[in-house]
Every structure is written in C-alpha cells, then in structure tokens.
$ cat work-v4.pdb   # PDB, C-alpha atoms
ATOM      1  CA  MET A 166       9.011 100.673-145.591
ATOM      2  CA  HIS A 167       9.701  99.954-149.240
ATOM      3  CA  THR A 168       7.650 101.412-152.076
ATOM      4  CA  VAL A 169       7.998 100.443-155.724
ATOM      5  CA  ILE A 170       6.081 101.763-158.725
ATOM      6  CA  VAL A 171       5.549  99.054-161.334
ATOM      7  CA  LYS A 172       4.675 100.046-164.900
ATOM      8  CA  SER A 173       5.457  96.790-166.742
ATOM      9  CA  VAL A 174       5.949  93.047-166.330
ATOM     10  CA  GLU A 175       9.712  93.600-166.389
ATOM     11  CA  GLU A 176       9.414  96.064-163.527
ATOM     12  CA  LEU A 177       7.273  93.551-161.614
ATOM     13  CA  ALA A 178      10.205  91.112-161.764
ATOM     14  CA  LEU A 179      12.503  93.826-160.402
ATOM     15  CA  ALA A 180      10.026  94.571-157.617
ATOM     16  CA  ALA A 181       9.967  90.858-156.741
ATOM     17  CA  GLU A 182      13.765  90.842-156.612
ATOM     18  CA  GLN A 183      13.725  93.804-154.219
ATOM     19  CA  PHE A 184      11.010  92.156-152.142
ATOM     20  CA  CYS A 185      12.957  88.896-151.852
ATOM     21  CA  SER A 186      16.115  90.679-150.781
ATOM     22  CA  ALA A 187      14.109  92.317-147.972
ATOM     23  CA  ILE A 188      12.420  89.151-146.645
ATOM     24  CA  GLY A 189      14.996  88.669-143.902
ATOM     25  CA  GLU A 190      13.695  86.571-141.017
ATOM     26  CA  ASN A 191      10.056  87.382-141.798
ATOM     27  CA  LYS A 192       7.881  84.498-142.874
ATOM     28  CA  VAL A 193       4.248  85.700-143.012
ATOM     29  CA  PHE A 194       3.193  88.227-145.648
ATOM     30  CA  LEU A 195      -0.314  89.614-146.045
ATOM     31  CA  PHE A 196      -1.164  90.865-149.544
ATOM     32  CA  TYR A 197      -3.803  93.601-149.663
ATOM     33  CA  GLY A 198      -5.276  95.013-152.860
ATOM     34  CA  GLY A 199      -8.537  95.126-154.735
ATOM     35  CA  MET A 200      -9.716  92.635-157.312
ATOM     36  CA  GLY A 201      -7.281  92.671-160.222
ATOM     37  CA  ALA A 202      -4.644  94.690-158.357
ATOM     38  CA  GLY A 203      -1.972  92.101-159.116
ATOM     39  CA  LYS A 204      -1.569  90.188-155.860
ATOM     40  CA  THR A 205      -1.265  86.793-157.545
ATOM     41  CA  SER A 206       0.961  88.184-160.311
ATOM     42  CA  PHE A 207       3.331  89.641-157.726
ATOM     43  CA  ILE A 208       3.383  86.401-155.734
ATOM     44  CA  LYS A 209       4.149  84.497-158.971
ATOM     45  CA  GLU A 210       7.147  86.748-159.583
ATOM     46  CA  ILE A 211       8.296  86.414-155.968
ATOM     47  CA  CYS A 212       8.091  82.622-156.214
ATOM     48  CA  LYS A 213       9.988  82.692-159.505
ATOM     49  CA  GLU A 214      12.695  84.812-157.851
ATOM     50  CA  LEU A 215      12.867  82.305-154.974
ATOM     51  CA  GLY A 216      13.387  79.434-157.426
ATOM     52  CA  VAL A 217       9.955  77.801-157.377
ATOM     53  CA  THR A 218       9.675  75.562-160.436
ATOM     54  CA  GLN A 219       6.024  74.536-160.041
ATOM     55  CA  GLU A 220       3.264  76.531-161.666
ATOM     56  CA  VAL A 221       2.135  79.250-159.266
ATOM     57  CA  THR A 222      -1.612  79.823-159.451
ATOM     58  CA  SER A 223      -4.233  81.535-157.364
ATOM     59  CA  PRO A 224      -5.547  79.176-154.680
ATOM     60  CA  THR A 225      -8.995  80.797-154.779
ATOM     61  CA  PHE A 226     -10.859  77.476-154.725
ATOM     62  CA  ALA A 227      -8.236  75.314-153.010
ATOM     63  CA  ILE A 228      -7.646  77.980-150.292
ATOM     64  CA  VAL A 229      -3.946  77.007-150.104
ATOM     65  CA  ASN A 230      -1.279  75.982-152.603
ATOM     66  CA  GLU A 231       2.074  74.543-151.613
ATOM     67  CA  TYR A 232       5.337  75.190-153.462
ATOM     68  CA  THR A 233       8.922  74.072-152.954
ATOM     69  CA  CYS A 234      12.147  75.968-153.480
ATOM     70  CA  GLU A 235      15.748  75.663-152.359
ATOM     71  CA  LYS A 236      15.815  78.535-149.874
ATOM     72  CA  TYR A 237      12.743  77.638-147.769
ATOM     73  CA  PRO A 238      11.355  74.241-146.751
ATOM     74  CA  LEU A 239       7.969  75.174-148.235
ATOM     75  CA  ILE A 240       5.970  78.139-149.419
ATOM     76  CA  TYR A 241       2.266  78.233-148.561
ATOM     77  CA  HIS A 242       0.149  80.511-150.732
ATOM     78  CA  PHE A 243      -3.300  81.209-149.255
ATOM     79  CA  ASP A 244      -6.267  82.980-150.790
ATOM     80  CA  PHE A 245      -8.965  83.869-148.262
ATOM     81  CA  TYR A 246     -11.294  85.525-150.791
ATOM     82  CA  ARG A 247     -13.904  82.777-150.449
ATOM     83  CA  ILE A 248     -13.639  82.532-146.640
ATOM     84  CA  GLU A 249     -16.905  83.676-145.085
ATOM     85  CA  ARG A 250     -16.296  82.966-141.393
ATOM     86  CA  THR A 251     -13.188  83.041-139.240
ATOM     87  CA  SER A 252     -13.990  79.498-138.146
ATOM     88  CA  GLU A 253     -13.185  78.304-141.682
ATOM     89  CA  ILE A 254      -9.592  79.453-141.168
ATOM     90  CA  PHE A 255      -9.389  77.281-138.050
ATOM     91  CA  ASP A 256     -10.996  74.379-139.943
ATOM     92  CA  ILE A 257      -8.107  74.246-142.423
ATOM     93  CA  GLY A 258      -5.588  74.062-139.557
ATOM     94  CA  PHE A 259      -4.153  77.511-140.171
ATOM     95  CA  GLU A 260      -2.303  77.568-136.826
ATOM     96  CA  GLU A 261      -0.265  74.539-137.908
ATOM     97  CA  TYR A 262       0.814  76.342-141.067
ATOM     98  CA  LEU A 263       1.938  79.302-138.932
ATOM     99  CA  ASP A 264       3.958  76.999-136.685
ATOM    100  CA  SER A 265       5.896  75.622-139.652
ATOM    101  CA  ASP A 266       9.181  76.992-141.009
ATOM    102  CA  ALA A 267       7.489  77.759-144.311
ATOM    103  CA  LEU A 268       7.197  81.111-145.996
ATOM    104  CA  ILE A 269       3.518  82.121-146.011
ATOM    105  CA  PHE A 270       1.833  84.424-148.525
ATOM    106  CA  ILE A 271      -1.824  85.334-147.880
ATOM    107  CA  GLU A 272      -4.078  87.051-150.396
ATOM    108  CA  TRP A 273      -7.265  88.690-149.097
ATOM    109  CA  PRO A 274      -6.159  88.600-145.424
ATOM    110  CA  GLU A 275      -9.075  90.786-144.302
ATOM    111  CA  MET A 276     -10.804  87.734-142.786
ATOM    112  CA  LEU A 277      -7.671  87.084-140.766
ATOM    113  CA  GLU A 278      -7.599  90.407-138.914
ATOM    114  CA  GLU A 279      -8.441  88.987-135.489
ATOM    115  CA  LEU A 280      -6.022  86.075-136.041
ATOM    116  CA  LYS A 281      -3.271  88.098-137.691
ATOM    117  CA  PRO A 282       0.165  86.983-136.514
ATOM    118  CA  VAL A 283       2.064  89.660-134.613
ATOM    119  CA  SER A 284       5.143  89.284-136.775
ATOM    120  CA  CYS A 285       3.719  89.649-140.256
ATOM    121  CA  ILE A 286       4.479  92.047-143.058
ATOM    122  CA  GLU A 287       1.667  93.806-144.874
ATOM    123  CA  VAL A 288       2.082  94.209-148.627
ATOM    124  CA  HIS A 289      -0.210  96.750-150.266
ATOM    125  CA  ILE A 290      -0.785  96.834-154.019
ATOM    126  CA  ASN A 291      -2.686  99.796-155.389
ATOM    127  CA  GLY A 292      -3.626 100.294-159.027
ATOM    128  CA  GLN A 293      -3.142 103.763-160.479
ATOM    129  CA  ASP A 294      -5.062 105.598-163.217
ATOM    130  CA  ASP A 295      -2.182 105.055-165.662
ATOM    131  CA  SER A 296      -2.371 101.235-165.138
ATOM    132  CA  SER A 297       0.787 101.207-163.032
ATOM    133  CA  ARG A 298       0.864  99.645-159.570
ATOM    134  CA  VAL A 299       2.280 100.998-156.346
ATOM    135  CA  ILE A 300       3.566  98.155-154.187
ATOM    136  CA  SER A 301       4.623  98.868-150.623
ATOM    137  CA  TRP A 302       5.752  96.669-147.739
TER     138      TRP A 302
END
$ encode --input "work-v4.pdb" --output "structure tokens"
Amino acid sequence: MHTVIVKSVEELALAAEQFCSAIGENKVFLFYGGMGAGKTSFIKEICKELGVTQEVTSPTFAIVNEYTCEKYPLIYHFDFYRIERTSEIFDIGFEEYLDSDALIFIEWPEMLEELKPVSCIEVHINGQDDSSRVISW
C-alpha cells in the first residue's frame, strides 16, 4: 500500500508520478473520497503524467469520458455519482469497457460494489483539517 500526503498542486503532480509508476499490470482503479476531496484533480494529474493531451474533465453528466495516450490504447474515466440503480451501469455496457485493454478510472464507485472487478485497485482520498489530502492505494 502506498500513502502520500499532498499539501499543494505541485505535490499532487508528484503523487500522480508515484501512482503511475505503481500501475503495473493493473487496469481498473476505483477512486473513493467525499465531495471535493480531489478525485477529479488527481485523475487529471495522472492523465497528464501518462501523456494525455485532451482536456480531462469530470464525466459527471456524460458518465464516461475517453482519453488517448501513448502508453495505453485508451483511458476510460467514469463518474458514477449520478447513477441511481445498478442496472444503469449495465445499460452503458460497462462489462465491455472492462473487457477492453484500456485503463479505467472510476469516481464514486460505491454503486459498483456488487459488480466490482476482482482485480481492481482502490484509491482513497481523504481531506485533512489543514486542507492537505491523504491519498492511498
């Protein structure tokens, strides 16, 4: 398990660098954290570190955004905040995304618990009283 304390934007970039060096063969990452914890900000920095040139935004309304980079065929960035029923995850063809060779980042994976892939990495982001973040995976 890795744990990083982030106190600034510069440190967030360093955390993303550490995260990317630890990806290994893993491809599904579940990002847990409360509203405003920094899930999207961390994913933006990870994508930047991986060489994504498109704008990385929260897919809150689109449910999924797709990015390209040199290292992976695709990166899928999901946001399940607006998902109300597990059936909605099936409706978007989630299983097909899992069967791809893409890297998959999922914000608000709580709705996915019963469908959670066995080989996924949980990323927890917790805000602290001093405005820093503790990120662990």
$ residues_around --input "work-v4.pdb" --residues "Gly203 of chain A" --least-positions-apart "5" --cutoff "10 Å" --atoms "all atoms listed in the file" --output "list of chain:residue names"
A:Leu177, A:Phe196, A:Tyr197, A:Gly198, A:Ile208, A:Lys209, A:Ile290, A:Asn291, A:Gly292, A:Arg298, A:Ile300
$ residues_around --input "work-v4.pdb" --residues "Glu182 of chain A" --least-positions-apart "4" --cutoff "7 Å" --atoms "only C-alpha atoms" --output "number ranges by chain"
A: 178, 186, 214
$ write_last_selection --input "work-v4.pdb" --atoms "C-alpha atoms" --output "PDB file, keeping the file's coordinate frame"
ATOM      1  CA  ALA A 178      10.205  91.112-161.764  1.00  0.00           C
ATOM      2  CA  SER A 186      16.115  90.679-150.781  1.00  0.00           C
ATOM      3  CA  GLU A 214      12.695  84.812-157.851  1.00  0.00           C
TER       4      GLU A 214
END
$ resolve_selection --input "work-v4.pdb" --expression "the PyMOL selection byres ((chain A and resi 168) around 6)" --output "list in words"
His167, Val169, Ile300 and Ser301 of chain A
$ closest_residue --input "work-v4.pdb" --among "A:Ile271, A:Val221, A:Leu215, A:Ala187" --to "Asp244 of chain A" --atoms "only C-alpha atoms"
A:Ile271
$ closest_residue --input "work-v4.pdb" --among "A:Glu235, A:Glu272, A:Glu279, A:Glu287" --to "Thr251 of chain A" --atoms "all atoms listed in the file"
A:Glu279
$ closest_residue --input "work-v4.pdb" --among "A:Phe207, A:Asn191, A:Arg247, A:Cys185" --to "Val299 of chain A" --atoms "all atoms listed in the file"
A:Phe207
$ closest_residue --input "work-v4.pdb" --among "A:Glu190, A:Lys204, A:Ala267, A:Val283" --to "Tyr241 of chain A" --atoms "all atoms listed in the file"
A:Ala267
$ closest_residue --input "work-v4.pdb" --among "A:Trp302, A:Leu268, A:Thr225, A:Ser297" --to "Val171 of chain A" --atoms "all atoms listed in the file"
A:Ser297
$ axis_aligned_box --input "work-v4.pdb" --around "segment 208-225 of chain A" --padding-each-side "4 Å" --output "JSON"
{"center_x": 2.2, "center_y": 80.6, "center_z": -158.2, "size_x": 30.4, "size_y": 20.2, "size_z": 15.0}
$ atom_distance --input "work-v4.pdb" --atom1 "atom CA of Leu277 of chain A" --atom2 "atom CA of Ile254 of chain A"
7.9 Å
$ closest_residue --input "work-v4.pdb" --among "A:Gly201, A:Pro224, A:Gly189, A:Pro282" --to "Ile248 of chain A" --atoms "only C-alpha atoms"
A:Pro224
$ atom_distance --input "work-v4.pdb" --atom1 "atom CA of Val229 of chain A" --atom2 "atom CA of His242 of chain A"
5.4 Å
$ atom_distance --input "work-v4.pdb" --atom1 "atom CA of Ile188 of chain A" --atom2 "atom CA of Cys285 of chain A"
10.8 Å
$ closest_atom_pairs --input "work-v4.pdb" --of "segment 184-247 of chain A" --to "segment 256-262 of chain A" --cutoff "12 Å" --atoms "all atoms listed in the file" --output "CSV"
residue,atom,partner,partner_atom,distance
A:Lys192,CA,A:Tyr262,CA,10.9
A:Val193,CA,A:Tyr262,CA,10.2
A:Ala227,CA,A:Ile257,CA,10.6
A:Ile228,CA,A:Ile257,CA,8.7
A:Val229,CA,A:Ile257,CA,9.2
A:Asn230,CA,A:Tyr262,CA,11.7
A:Glu231,CA,A:Tyr262,CA,10.8
A:Leu239,CA,A:Tyr262,CA,10.2
A:Ile240,CA,A:Tyr262,CA,10.0
A:Tyr241,CA,A:Tyr262,CA,7.9
A:His242,CA,A:Tyr262,CA,10.5
A:Phe243,CA,A:Phe259,CA,9.8
A:Phe245,CA,A:Ile257,CA,11.3
$ decode --input "work-v4.pdb" --residues "segment 210-226 of chain A" --atoms "N, CA and C atoms" --output "tab-separated table (two decimals), in the first residue's frame"
chain	number	residue	atom	x	y	z
A	210	GLU	N	-4.16	14.89	-12.99
A	210	GLU	CA	-2.70	14.83	-12.88
A	210	GLU	C	-2.15	13.48	-13.35
A	211	ILE	N	-2.87	12.41	-13.04
A	211	ILE	CA	-2.45	11.08	-13.52
A	211	ILE	C	-2.46	11.06	-15.04
A	212	CYS	N	-3.54	11.56	-15.63
A	212	CYS	CA	-3.64	11.57	-17.10
A	212	CYS	C	-2.54	12.43	-17.71
A	213	LYS	N	-2.25	13.55	-17.10
A	213	LYS	CA	-1.16	14.41	-17.57
A	213	LYS	C	0.16	13.66	-17.53
A	214	GLU	N	0.40	12.94	-16.45
A	214	GLU	CA	1.62	12.14	-16.29
A	214	GLU	C	1.70	11.03	-17.34
A	215	LEU	N	0.54	10.50	-17.73
A	215	LEU	CA	0.50	9.43	-18.74
A	215	LEU	C	0.57	9.97	-20.17
A	216	GLY	N	0.56	11.29	-20.32
A	216	GLY	CA	0.71	11.88	-21.65
A	216	GLY	C	-0.60	12.19	-22.36
A	217	VAL	N	-1.70	12.24	-21.64
A	217	VAL	CA	-2.98	12.61	-22.25
A	217	VAL	C	-2.90	14.08	-22.63
A	218	THR	N	-3.27	14.38	-23.87
A	218	THR	CA	-3.22	15.78	-24.33
A	218	THR	C	-4.61	16.42	-24.37
A	219	GLN	N	-5.66	15.62	-24.32
A	219	GLN	CA	-7.02	16.17	-24.29
A	219	GLN	C	-7.28	16.81	-22.92
A	220	GLU	N	-8.30	17.65	-22.88
A	220	GLU	CA	-8.72	18.20	-21.61
A	220	GLU	C	-9.40	17.10	-20.79
A	221	VAL	N	-8.96	16.93	-19.57
A	221	VAL	CA	-9.53	15.93	-18.67
A	221	VAL	C	-10.53	16.65	-17.77
A	222	THR	N	-11.79	16.21	-17.86
A	222	THR	CA	-12.85	16.82	-17.07
A	222	THR	C	-13.66	15.74	-16.37
A	223	SER	N	-14.42	16.14	-15.39
A	223	SER	CA	-15.27	15.21	-14.69
A	223	SER	C	-16.41	14.76	-15.61
A	224	PRO	N	-16.61	13.46	-15.74
A	224	PRO	CA	-17.71	12.97	-16.57
A	224	PRO	C	-19.03	12.83	-15.81
A	225	THR	N	-19.30	13.75	-14.90
A	225	THR	CA	-20.48	13.66	-14.05
A	225	THR	C	-21.76	13.49	-14.87
A	226	PHE	N	-21.93	14.25	-15.93
A	226	PHE	CA	-23.16	14.17	-16.72
A	226	PHE	C	-23.03	13.17	-17.86
